[in-house]
file query_7.pdb (PDB, C-alpha atoms)
MODEL        1
ATOM      1  CA  MET A  66     -56.918  77.402 124.626
ATOM      2  CA  THR A  67     -56.809  78.728 128.198
ATOM      3  CA  THR A  68     -55.658  82.309 128.464
ATOM      4  CA  VAL A  69     -53.059  82.950 131.159
ATOM      5  CA  GLY A  70     -52.653  86.640 130.400
ATOM      6  CA  ILE A  71     -50.072  88.789 128.662
ATOM      7  CA  PRO A  72     -46.708  88.742 130.459
ATOM      8  CA  PHE A  73     -45.103  92.050 131.360
ATOM      9  CA  ASP A  74     -42.173  90.847 129.279
ATOM     10  CA  ALA A  75     -44.251  91.681 126.195
ATOM     11  CA  VAL A  76     -43.977  95.352 127.159
ATOM     12  CA  ASP A  77     -40.265  94.997 127.858
ATOM     13  CA  PHE A  78     -39.809  93.270 124.505
ATOM     14  CA  TYR A  79     -41.066  96.346 122.621
ATOM     15  CA  ALA A  80     -39.122  98.759 124.829
ATOM     16  CA  GLU A  81     -35.956  96.876 123.893
ATOM     17  CA  LEU A  82     -36.958  96.548 120.243
ATOM     18  CA  ALA A  83     -37.159 100.351 120.034
ATOM     19  CA  LEU A  84     -33.415 100.425 120.677
ATOM     20  CA  ASN A  85     -32.554  97.374 118.565
ATOM     21  CA  ASN A  86     -34.838  97.338 115.534
ATOM     22  CA  ASN A  87     -32.706  95.068 113.392
ATOM     23  CA  ARG A  88     -32.828  91.505 112.151
ATOM     24  CA  GLY A  89     -29.973  90.337 114.341
ATOM     25  CA  TRP A  90     -31.702  91.357 117.569
ATOM     26  CA  TRP A  91     -35.013  89.928 116.375
ATOM     27  CA  ALA A  92     -33.431  86.590 115.490
ATOM     28  CA  ALA A  93     -31.882  86.383 118.946
ATOM     29  CA  ASN A  94     -35.269  87.159 120.531
ATOM     30  CA  ALA A  95     -37.564  85.268 118.152
ATOM     31  CA  GLU A  96     -38.572  82.652 120.720
ATOM     32  CA  ARG A  97     -39.219  85.407 123.247
ATOM     33  CA  TYR A  98     -41.551  87.083 120.742
ATOM     34  CA  ARG A  99     -43.436  83.833 120.239
ATOM     35  CA  THR A 100     -43.875  83.066 123.935
ATOM     36  CA  SER A 101     -44.330  86.571 125.399
ATOM     37  CA  VAL A 102     -46.198  88.307 122.571
ATOM     38  CA  LYS A 103     -47.616  86.175 119.774
ATOM     39  CA  ALA A 104     -48.950  83.195 121.728
ATOM     40  CA  PRO A 105     -50.600  85.202 124.562
ATOM     41  CA  LEU A 106     -52.278  87.671 122.183
ATOM     42  CA  THR A 107     -53.448  84.862 119.931
ATOM     43  CA  ARG A 108     -55.030  83.084 122.903
ATOM     44  CA  LEU A 109     -56.618  86.302 124.129
ATOM     45  CA  LEU A 110     -58.142  87.122 120.737
ATOM     46  CA  ASP A 111     -59.389  83.559 120.324
ATOM     47  CA  ASP A 112     -61.140  83.797 123.700
ATOM     48  CA  LEU A 113     -62.756  87.113 122.725
ATOM     49  CA  ALA A 114     -63.761  86.022 119.220
ATOM     50  CA  PRO A 115     -67.060  84.291 120.165
ATOM     51  CA  ARG A 116     -68.365  87.609 121.505
ATOM     52  CA  PHE A 117     -66.716  90.104 119.155
ATOM     53  CA  GLY A 118     -66.065  88.441 115.799
ATOM     54  CA  ASP A 119     -63.342  86.728 113.835
ATOM     55  CA  ALA A 120     -59.883  87.222 115.360
ATOM     56  CA  HIS A 121     -56.886  88.448 113.385
ATOM     57  CA  LEU A 122     -53.319  89.047 114.583
ATOM     58  CA  PHE A 123     -51.256  91.465 112.504
ATOM     59  CA  ARG A 124     -47.865  90.558 111.106
ATOM     60  CA  PRO A 125     -44.871  91.890 113.083
ATOM     61  CA  HIS A 126     -42.929  92.907 109.974
ATOM     62  CA  ARG A 127     -43.157  96.351 108.406
ATOM     63  CA  ASP A 128     -43.654  96.837 104.672
ATOM     64  CA  VAL A 129     -40.590  98.930 103.867
ATOM     65  CA  ARG A 130     -40.765  98.728 100.066
ATOM     66  CA  PHE A 131     -42.016 102.291  99.600
ATOM     67  CA  SER A 132     -40.914 103.802 102.898
ATOM     68  CA  ALA A 133     -37.851 105.867 103.744
ATOM     69  CA  ASP A 134     -37.992 104.263 107.191
ATOM     70  CA  LYS A 135     -36.311 100.904 106.717
ATOM     71  CA  ARG A 136     -36.740  99.549 110.241
ATOM     72  CA  PRO A 137     -37.895  95.977 109.606
ATOM     73  CA  TYR A 138     -40.237  95.448 112.571
ATOM     74  CA  LYS A 139     -43.338  97.190 113.891
ATOM     75  CA  SER A 140     -43.046  98.895 117.252
ATOM     76  CA  GLU A 141     -46.199  97.145 118.476
ATOM     77  CA  GLN A 142     -48.202  93.964 118.102
ATOM     78  CA  GLY A 143     -51.784  94.615 117.131
ATOM     79  CA  GLY A 144     -54.802  92.420 116.690
ATOM     80  CA  LEU A 145     -58.534  92.751 116.237
ATOM     81  CA  CYS A 146     -61.869  91.003 116.169
ATOM     82  CA  LEU A 147     -63.930  91.889 113.101
ATOM     83  CA  ALA A 148     -67.638  92.683 113.308
ATOM     84  CA  ALA A 149     -67.623  93.320 109.536
ATOM     85  CA  PRO A 150     -64.837  93.527 106.949
ATOM     86  CA  GLY A 151     -62.470  96.272 108.102
ATOM     87  CA  MET A 152     -64.553  97.157 111.180
ATOM     88  CA  GLY A 153     -64.236  95.939 114.715
ATOM     89  CA  HIS A 154     -62.530  95.950 118.090
ATOM     90  CA  TYR A 155     -58.781  96.425 118.348
ATOM     91  CA  LEU A 156     -55.983  95.920 120.849
ATOM     92  CA  ARG A 157     -52.227  96.326 120.843
ATOM     93  CA  ILE A 158     -49.237  95.820 123.083
ATOM     94  CA  ASN A 159     -46.151  98.033 122.882
ATOM     95  CA  ALA A 160     -43.628  99.800 125.078
ATOM     96  CA  ASP A 161     -46.454 101.805 126.680
ATOM     97  CA  GLY A 162     -48.377  98.679 127.689
ATOM     98  CA  LEU A 163     -51.803  97.547 126.545
ATOM     99  CA  SER A 164     -54.175  99.728 124.523
ATOM    100  CA  VAL A 165     -57.751  98.926 123.508
ATOM    101  CA  GLY A 166     -59.845 100.524 120.803
ATOM    102  CA  GLY A 167     -61.967 100.046 117.740
ATOM    103  CA  GLY A 168     -63.443 101.595 114.621
ATOM    104  CA  TYR A 169     -62.450 101.397 110.977
ATOM    105  CA  TYR A 170     -60.287 102.714 108.158
ATOM    106  CA  PRO A 171     -62.104 102.930 104.793
ATOM    107  CA  SER A 172     -60.962 100.595 102.045
ATOM    108  CA  GLY A 173     -63.166 102.261  99.397
ATOM    109  CA  ARG A 174     -64.414 105.753  98.568
ATOM    110  CA  ASP A 175     -68.013 104.573  98.841
ATOM    111  CA  GLN A 176     -67.548 104.079 102.587
ATOM    112  CA  LEU A 177     -66.421 107.656 103.169
ATOM    113  CA  ALA A 178     -69.431 108.939 101.231
ATOM    114  CA  ARG A 179     -71.811 106.869 103.379
ATOM    115  CA  GLN A 180     -69.987 107.885 106.547
ATOM    116  CA  ARG A 181     -70.365 111.590 105.822
ATOM    117  CA  ALA A 182     -73.979 111.225 104.737
ATOM    118  CA  ALA A 183     -74.789 109.450 108.010
ATOM    119  CA  ILE A 184     -72.965 112.092 110.055
ATOM    120  CA  ASP A 185     -74.771 114.845 108.154
ATOM    121  CA  SER A 186     -78.156 113.291 108.898
ATOM    122  CA  ALA A 187     -79.683 114.682 112.079
ATOM    123  CA  GLY A 188     -80.713 111.290 113.479
ATOM    124  CA  SER A 189     -77.678 109.101 112.824
ATOM    125  CA  GLY A 190     -75.283 112.032 113.123
ATOM    126  CA  THR A 191     -76.557 113.015 116.558
ATOM    127  CA  GLU A 192     -76.390 109.367 117.620
ATOM    128  CA  LEU A 193     -72.727 109.161 116.597
ATOM    129  CA  ALA A 194     -71.883 112.429 118.323
ATOM    130  CA  GLN A 195     -73.377 111.102 121.555
ATOM    131  CA  ILE A 196     -71.452 107.827 121.228
ATOM    132  CA  VAL A 197     -68.172 109.649 120.660
ATOM    133  CA  GLN A 198     -68.849 112.052 123.531
ATOM    134  CA  ALA A 199     -69.447 109.131 125.893
ATOM    135  CA  LEU A 200     -66.246 107.414 124.781
ATOM    136  CA  THR A 201     -64.096 110.518 125.213
ATOM    137  CA  ALA A 202     -65.595 111.033 128.675
ATOM    138  CA  ASP A 203     -64.527 107.444 129.402
ATOM    139  CA  GLY A 204     -60.916 108.160 128.474
ATOM    140  CA  PHE A 205     -60.832 107.115 124.823
ATOM    141  CA  GLU A 206     -59.087 109.331 122.301
ATOM    142  CA  VAL A 207     -60.678 109.815 118.884
ATOM    143  CA  GLY A 208     -58.240 109.267 116.035
ATOM    144  CA  GLY A 209     -58.023 108.500 112.362
ATOM    145  CA  ASP A 210     -57.266 110.561 109.288
ATOM    146  CA  GLN A 211     -59.001 113.896 108.794
ATOM    147  CA  VAL A 212     -58.970 116.808 106.381
ATOM    148  CA  ALA A 213     -57.284 120.002 107.518
ATOM    149  CA  THR A 214     -60.321 122.289 107.295
ATOM    150  CA  ARG A 215     -63.618 120.801 106.102
ATOM    151  CA  PRO A 216     -64.863 118.697 103.186
ATOM    152  CA  ARG A 217     -66.067 120.519 100.095
ATOM    153  CA  GLY A 218     -69.666 121.652 100.456
ATOM    154  CA  VAL A 219     -69.779 121.297 104.244
ATOM    155  CA  PRO A 220     -70.657 124.613 105.930
ATOM    156  CA  ALA A 221     -68.292 126.059 108.522
ATOM    157  CA  ASP A 222     -71.090 126.080 111.111
ATOM    158  CA  HIS A 223     -72.047 122.428 110.667
ATOM    159  CA  PRO A 224     -73.058 121.124 114.134
ATOM    160  CA  ARG A 225     -70.845 118.053 113.712
ATOM    161  CA  LEU A 226     -67.991 119.605 111.743
ATOM    162  CA  ASP A 227     -65.274 117.716 113.632
ATOM    163  CA  LEU A 228     -66.878 114.397 112.725
ATOM    164  CA  MET A 229     -67.488 115.516 109.129
ATOM    165  CA  ARG A 230     -63.751 116.157 108.795
ATOM    166  CA  ARG A 231     -62.970 112.544 109.651
ATOM    167  CA  GLN A 232     -61.818 110.326 106.801
ATOM    168  CA  SER A 233     -61.626 107.352 109.128
ATOM    169  CA  LEU A 234     -62.919 106.839 112.632
ATOM    170  CA  VAL A 235     -61.141 105.030 115.459
ATOM    171  CA  VAL A 236     -60.950 105.346 119.226
ATOM    172  CA  LEU A 237     -58.121 104.184 121.463
ATOM    173  CA  LYS A 238     -57.368 104.062 125.191
ATOM    174  CA  ASN A 239     -54.051 103.131 126.777
ATOM    175  CA  VAL A 240     -54.503 101.113 129.949
ATOM    176  CA  GLY A 241     -50.776 100.588 130.520
ATOM    177  CA  GLU A 242     -49.539  97.693 132.638
ATOM    178  CA  PRO A 243     -52.331  96.893 135.095
ATOM    179  CA  THR A 244     -51.854  94.108 137.624
ATOM    180  CA  TRP A 245     -54.381  91.945 135.756
ATOM    181  CA  LEU A 246     -52.424  92.037 132.480
ATOM    182  CA  PRO A 247     -50.514  88.755 133.058
ATOM    183  CA  THR A 248     -53.552  86.958 134.540
ATOM    184  CA  ALA A 249     -56.615  85.205 133.144
ATOM    185  CA  ASP A 250     -58.619  88.323 134.144
ATOM    186  CA  VAL A 251     -57.293  90.038 131.018
ATOM    187  CA  VAL A 252     -60.089  88.453 128.965
ATOM    188  CA  GLU A 253     -62.941  90.052 130.896
ATOM    189  CA  ARG A 254     -61.050  93.296 131.424
ATOM    190  CA  VAL A 255     -60.568  93.735 127.683
ATOM    191  CA  ALA A 256     -64.137  92.588 127.049
ATOM    192  CA  GLU A 257     -65.407  95.298 129.418
ATOM    193  CA  GLN A 258     -63.525  97.983 127.489
ATOM    194  CA  TRP A 259     -64.591  96.589 124.138
ATOM    195  CA  ALA A 260     -68.227  96.550 125.254
ATOM    196  CA  ARG A 261     -67.976 100.327 125.697
ATOM    197  CA  ILE A 262     -66.764 100.615 122.094
ATOM    198  CA  THR A 263     -69.456  98.316 120.693
ATOM    199  CA  PRO A 264     -72.003 101.136 120.081
ATOM    200  CA  LEU A 265     -69.452 102.816 117.791
ATOM    201  CA  VAL A 266     -68.713  99.585 115.933
ATOM    202  CA  GLU A 267     -72.429  98.866 115.541
ATOM    203  CA  TRP A 268     -73.023 102.401 114.241
ATOM    204  CA  LEU A 269     -70.292 101.904 111.634
ATOM    205  CA  VAL A 270     -71.627  98.510 110.558
ATOM    206  CA  THR A 271     -75.170  99.892 110.231
ATOM    207  CA  ASN A 272     -74.436 103.251 108.627
ATOM    208  CA  VAL A 273     -71.219 102.670 106.686
ATOM    209  CA  GLY A 274     -70.678  98.964 106.165
ATOM    210  CA  PRO A 275     -67.915  97.324 104.126
ATOM    211  CA  SER A 276     -66.806  98.741 100.801
ATOM    212  CA  LEU A 277     -68.898  97.659  97.822
ATOM    213  CA  GLU A 278     -66.281  98.707  95.311
ATOM    214  CA  PRO A 279     -64.640  95.880  93.339
ATOM    215  CA  ARG A 280     -61.128  95.003  94.416
ATOM    216  CA  ARG A 281     -58.399  96.016  92.010
TER
ENDMDL
END

call {"tool": "encode", "arguments": {"input": "query_7.pdb", "output": "structure tokens"}}
result
Amino acid sequence: MTTVGIPFDAVDFYAELALNNNRGWWAANAERYRTSVKAPLTRLLDDLAPRFGDAHLFRPHRDVRFSADKRPYKSEQGGLCLAAPGMGHYLRINADGLSVGGGYYPSGRDQLARQRAAIDSAGSGTELAQIVQALTADGFEVGGDQVATRPRGVPADHPRLDLMRRQSLVVLKNVGEPTWLPTADVVERVAEQWARITPLVEWLVTNVGPSLEPRR
């Protein structure tokens, strides 16, 4: 497929959805979702996949079975290219425009144990700290779940305490609605941002890897 960019209407779609998150509005705008959101992001991810890994577009519906929030649709459309199971480069479009990021959320306790051991180690831990410092200097925000104080057994003066507190590790940058968003340039623009995240993804693949726990 030839990417022609993400139309600005994708941003407008989610701004309007925020005020009309119901099945009636979605049904009336279903074709708009397909043409302004789903198809452009699918094409973009497919174009990026040869360089960054298998592409996956998330479902637009929320799982409301166990949630008090019964709004049926997500407030954003996300997608990613996987370098390893559960790890890779991420993008999303919502009412704030385009955001790019990457990292991982653990799917097994064994991953968190390996993550903390690698952060605790002087060599790999210092490497990660330098990667994260470079990304934050470049405008990325570090996110993911974290414990309130520190993990059990980790000293209060640990040189990488903030990273040791992390239970998952992701970075994200909002780039908004740049003029290149609805053009074919979006492929290389996203690729440039993802290339800056690649050292983090590679660190995670090398030092954490996918969960080895059997699926339940």

call {"tool": "residues_around", "arguments": {"input": "query_7.pdb", "residues": "region 218-234 of chain A", "least_positions_apart": "2", "cutoff": "7 Å", "atoms": "all atoms listed in the file", "output": "list in words"}}
result
Gly168, Tyr169, Tyr170, Pro171, Leu177, Arg181, Ile184, Gly208, Gly209, Asp210, Gln211, Val212, Arg215 and Pro216 of chain A

call {"tool": "atom_distance", "arguments": {"input": "query_7.pdb", "atom1": "CA of Gly274 (chain A)", "atom2": "CA of Ser189 (chain A)"}}
result
14.0 Å

call {"tool": "resolve_selection", "arguments": {"input": "query_7.pdb", "expression": "the PyMOL selection byres ((chain A and resi 198-206) around 9)", "output": "list in words"}}
result
Val165, Gly166, Leu193, Ala194, Gln195, Ile196, Val197, Val207, Gly208, Val235, Val236, Leu237, Lys238, Asn239, Arg261, Ile262 and Leu265 of chain A

call {"tool": "write_last_selection", "arguments": {"input": "query_7.pdb", "atoms": "C-alpha atoms", "output": "mmCIF file, in the coordinates of the input"}}
result
data_model
loop_
_atom_site.group_PDB
_atom_site.id
_atom_site.type_symbol
_atom_site.label_atom_id
_atom_site.label_comp_id
_atom_site.auth_asym_id
_atom_site.auth_seq_id
_atom_site.Cartn_x
_atom_site.Cartn_y
_atom_site.Cartn_z
ATOM 1 C CA VAL A 165 -57.751 98.926 123.508
ATOM 2 C CA GLY A 166 -59.845 100.524 120.803
ATOM 3 C CA LEU A 193 -72.727 109.161 116.597
ATOM 4 C CA ALA A 194 -71.883 112.429 118.323
ATOM 5 C CA GLN A 195 -73.377 111.102 121.555
ATOM 6 C CA ILE A 196 -71.452 107.827 121.228
ATOM 7 C CA VAL A 197 -68.172 109.649 120.660
ATOM 8 C CA VAL A 207 -60.678 109.815 118.884
ATOM 9 C CA GLY A 208 -58.240 109.267 116.035
ATOM 10 C CA VAL A 235 -61.141 105.030 115.459
ATOM 11 C CA VAL A 236 -60.950 105.346 119.226
ATOM 12 C CA LEU A 237 -58.121 104.184 121.463
ATOM 13 C CA LYS A 238 -57.368 104.062 125.191
ATOM 14 C CA ASN A 239 -54.051 103.131 126.777
ATOM 15 C CA ARG A 261 -67.976 100.327 125.697
ATOM 16 C CA ILE A 262 -66.764 100.615 122.094
ATOM 17 C CA LEU A 265 -69.452 102.816 117.791
#

call {"tool": "closest_residue", "arguments": {"input": "query_7.pdb", "among": "A:Leu82, A:Leu110, A:Ala120, A:Ala93", "to": "Glu141 (chain A)", "atoms": "all atoms listed in the file"}}
result
A:Leu82

call {"tool": "resolve_selection", "arguments": {"input": "query_7.pdb", "expression": "the PyMOL selection byres ((chain A and resi 176) around 9)", "output": "MDAnalysis selection string"}}
result
chainID A and resid 171:175 177:181 273:277

call {"tool": "closest_residue", "arguments": {"input": "query_7.pdb", "among": "A:Gln142, A:Trp268, A:Val240, A:Arg124", "to": "Val255 (chain A)", "atoms": "all atoms listed in the file"}}
result
A:Val240

call {"tool": "resolve_selection", "arguments": {"input": "query_7.pdb", "expression": "the PyMOL selection byres ((chain A and resi 137) around 12)", "output": "list of chain:residue names"}}
result
A:Leu82, A:Ala83, A:Asn85, A:Asn86, A:Asn87, A:Arg88, A:Gly89, A:Trp90, A:Trp91, A:Ala92, A:Arg124, A:Pro125, A:His126, A:Arg127, A:Asp128, A:Val129, A:Arg130, A:Ser132, A:Ala133, A:Asp134, A:Lys135, A:Arg136, A:Tyr138, A:Lys139, A:Ser140

call {"tool": "atom_distance", "arguments": {"input": "query_7.pdb", "atom1": "CA of Leu109 (chain A)", "atom2": "CA of Gly144 (chain A)"}}
result
9.8 Å

call {"tool": "closest_residue", "arguments": {"input": "query_7.pdb", "among": "A:Leu106, A:Ile71, A:Gly188, A:Tyr155", "to": "Asp250 (chain A)", "atoms": "all atoms listed in the file"}}
result
A:Ile71

call {"tool": "closest_residue", "arguments": {"input": "query_7.pdb", "among": "A:Asp112, A:Asp185, A:Glu242, A:Asp119", "to": "Asp74 (chain A)", "atoms": "only C-alpha atoms"}}
result
A:Glu242

call {"tool": "atom_distance", "arguments": {"input": "query_7.pdb", "atom1": "CA of Asp161 (chain A)", "atom2": "CA of Phe123 (chain A)"}}
result
18.2 Å

call {"tool": "closest_residue", "arguments": {"input": "query_7.pdb", "among": "A:Ala183, A:Phe117, A:Gly151, A:Thr107", "to": "Thr271 (chain A)", "atoms": "all atoms listed in the file"}}
result
A:Ala183

call {"tool": "closest_residue", "arguments": {"input": "query_7.pdb", "among": "A:Ala182, A:Asp111, A:Val252, A:Gly241", "to": "Arg157 (chain A)", "atoms": "all atoms listed in the file"}}
result
A:Gly241

call {"tool": "residues_near_point", "arguments": {"input": "query_7.pdb", "point": "(-53.3, 90.2, 133.9)", "cutoff": "12 Å", "atoms": "all atoms listed in the file", "output": "MDAnalysis selection string"}}
result
chainID A and resid 68:73 75 105 109 162:163 240:255

call {"tool": "build_atoms", "arguments": {"input": "query_7.pdb", "residues": "region 222-237 of chain A", "atoms": "N, CA and C atoms", "output": "CSV table (one decimal), in the coordinates of the input"}}
result
chain,number,residue,atom,x,y,z
A,222,ASP,N,-70.3,126.1,109.9
A,222,ASP,CA,-71.1,126.1,111.1
A,222,ASP,C,-71.8,124.8,111.3
A,223,HIS,N,-71.4,123.7,110.5
A,223,HIS,CA,-72.0,122.4,110.7
A,223,HIS,C,-72.0,122.0,112.1
A,224,PRO,N,-73.1,121.5,112.7
A,224,PRO,CA,-73.1,121.1,114.1
A,224,PRO,C,-72.1,120.0,114.5
A,225,ARG,N,-71.7,119.2,113.5
A,225,ARG,CA,-70.8,118.1,113.7
A,225,ARG,C,-69.6,118.1,112.8
A,226,LEU,N,-69.1,119.4,112.7
A,226,LEU,CA,-68.0,119.6,111.7
A,226,LEU,C,-66.8,118.7,112.0
A,227,ASP,N,-66.4,118.5,113.3
A,227,ASP,CA,-65.3,117.7,113.6
A,227,ASP,C,-65.4,116.3,113.1
A,228,LEU,N,-66.6,115.7,113.2
A,228,LEU,CA,-66.9,114.4,112.7
A,228,LEU,C,-66.9,114.4,111.2
A,229,MET,N,-67.4,115.4,110.6
A,229,MET,CA,-67.5,115.5,109.1
A,229,MET,C,-66.1,115.6,108.5
A,230,ARG,N,-65.1,116.1,109.3
A,230,ARG,CA,-63.8,116.2,108.8
A,230,ARG,C,-63.1,114.8,108.8
A,231,ARG,N,-63.6,113.8,109.5
A,231,ARG,CA,-63.0,112.5,109.7
A,231,ARG,C,-63.0,111.7,108.4
A,232,GLN,N,-61.9,111.2,108.0
A,232,GLN,CA,-61.8,110.3,106.8
A,232,GLN,C,-61.8,108.9,107.2
A,233,SER,N,-61.5,108.7,108.5
A,233,SER,CA,-61.6,107.4,109.1
A,233,SER,C,-62.0,107.6,110.6
A,234,LEU,N,-62.4,106.6,111.3
A,234,LEU,CA,-62.9,106.8,112.6
A,234,LEU,C,-62.5,105.7,113.5
A,235,VAL,N,-61.6,106.0,114.5
A,235,VAL,CA,-61.1,105.0,115.5
A,235,VAL,C,-61.1,105.7,116.8
A,236,VAL,N,-61.2,104.9,117.9
A,236,VAL,CA,-61.0,105.3,119.2
A,236,VAL,C,-59.9,104.4,119.9
A,237,LEU,N,-59.2,105.0,120.8
A,237,LEU,CA,-58.1,104.2,121.5
A,237,LEU,C,-57.9,104.7,122.9
